[in-house]
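Peer 1: Shown below is the structure under consideration.
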Amino acid sequence: MSPPAAASRRKQAGFLATHMVGIGVAILFLAPIFWTVLSSFKPPSEARQPPLPPWPVTGFSTENYAALNGFGAGLLGPAQNSLYVTAMTVVLSVIISVLAGYGFSRFRFPFKDALFMMILSTIMIPFQSILTPIFLILTRLGLSNTLTGLVCVYVTLQLPFSVFMMRNAFDAVPREIEEAARMDGANNTRLLLTVMLPLVWPGVVTIALFAFLGAWNEFLAALVLMTDQAKFTLPIMMTALQSGRFGAVDWGAVQAGVTVMMIPCLILFLLLQRYYIRGLTAGAVK
């Protein structure tokens, strides 16, 4: 066999091996998702049986989703609470982190580096260790057991990473672009909104997606800080659902609840994955 032919066969073999490994890894990640979705359509009697096979044997059924909606006060209330808390967390996190990141990247002020390191160092503090101070602060502010108080907690937890990402994203923008815009008469506000923001848009999408996933799936803070059932979010409802009635867990309803919570995350990630990847690389490397 000639050397070019041998090289071509090695290249094809490497190409095939790479794709086979990629397909295998994809199956490992996708299998639990398909398993959960298929199990949610099992009839209740079948859902209580051993989980194999994962798909319905006696036919597809939506009884699990009806049982989920009939649990407690229903699905609508917790879903609305989760949507409100998540939307407000995303909006506030994006606004604050964009302004803070732009300020730390482009302006000079006393103790700038020390303040940034202080904000960044809060990432190293375990959230569980500050639950008691957070509860006391919210009580003093009159925000205890309120969705607004929960939003404040979530935004506080998201800001260190978000500010770090946005400062690095703004640092990656050449200063010549900013200087050219200033020569054209753009002030700081116009410069940020019309010139800088489109350039760091992938970073904005990244922190927004992180904020959404963190607030939508957060469990511990909502469990500790919320005591009114009318203000429970979806993760807290899932905990009550998993505790079962009279010690019996409705596994079909649990799988239906997991599917309902999972769908928005999957849709957003699939729609924004291009910006998400670009934002991570732009925000991590200067």
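For the structure tokens, the naming scheme is as follows: chains receive sequential letters (A, B, ...) according to their order of presentation, residues are indexed from 1 within each chain, and ligands are indexed from 1 in presentation order.
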List every residue of range 60-264 of chain A that DSSP, applied to the backbone, labels as helix (DSSP H, G or I), and write the result as a PyMOL selection string.

Peer 2: chain A and resi 63-69+76-106+112-124+127-141+147-171+175-183+188-199+201-217+220-225+229-231+234-243+251-264

Peer 1: Which residue gives the smallest distance to Gln128 in chain A among A:Val37, A:Val224, A:Leu52, A:Met238, with only C-alpha atoms counted?

Peer 2: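 Looking only at the distances to Gln128 in chain A, the closest residue turns out to be A:Val224.
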
Peer 1: When distances are computed from only C-alpha atoms, which of A:Pro198, A:Phe116, A:Pro54, A:Gln158 shows the smallest separation from Pro32 in chain A?

Peer 2: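 When distances to Pro32 in chain A are compared using only C-alpha atoms, the smallest one comes from A:Pro54.
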
Peer 1: Could you tell me which of A:Met166, A:Ala221, A:Leu209, A:Gly24 comes closest to Ile267 in chain A if we count only C-alpha atoms?

Peer 2: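 The answer is A:Leu209, which sits nearest to Ile267 in chain A.
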
Peer 1: For Thr36 in chain A, which residue out of A:Asn69, A:Val258, A:Leu270, A:Tyr275 is the nearest one, using only C-alpha atoms?

Peer 2: A:Val258

Peer 1: With distances taken over only C-alpha atoms, which of A:Ala240, A:Ala31, A:Met196, A:Val155 is nearest to Val94 in chain A?

Peer 2: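 Result for the nearest residue to Val94 in chain A: A:Val155.
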
Peer 1: So, with only C-alpha atoms as the atoms that count, which of A:Leu272, A:Leu115, A:Leu28, A:Ala253 lies closest to Pro43 in chain A?

Peer 2: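 Of the candidates, the smallest distance to Pro43 in chain A is held by A:Ala253.
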
Peer 1: Compile a residue-level contact table for range 172-229 of chain A against range 102-109 of chain A at a cut-off of 10 Å, reporting for every qualifying residue the shortest atom pair and its distance in Å to one decimal, with only C-alpha atoms counted, rows ordered by chain and ascending number, as a Markdown table.

Peer 2:
| residue | atom | partner | partner_atom | distance |
| --- | --- | --- | --- | --- |
| A:Ala172 | CA | A:Ser105 | CA | 9.5 |
| A:Val173 | CA | A:Ser105 | CA | 9.9 |
| A:Arg175 | CA | A:Arg106 | CA | 9.0 |
| A:Glu178 | CA | A:Arg106 | CA | 9.7 |
| A:Leu192 | CA | A:Tyr102 | CA | 7.9 |
| A:Met196 | CA | A:Tyr102 | CA | 8.9 |
| A:Leu197 | CA | A:Tyr102 | CA | 9.6 |

Peer 1: One decimal, in Å: what's the spacing between CA of Ile96 in chain A and CA of Met117 in chain A?

Peer 2: 17.0 Å

Peer 1: To one decimal place, how far is CA of Val90 in chain A from CA of Ile125 in chain A in Å?

Peer 2: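 A separation of 21.9 Å between them.
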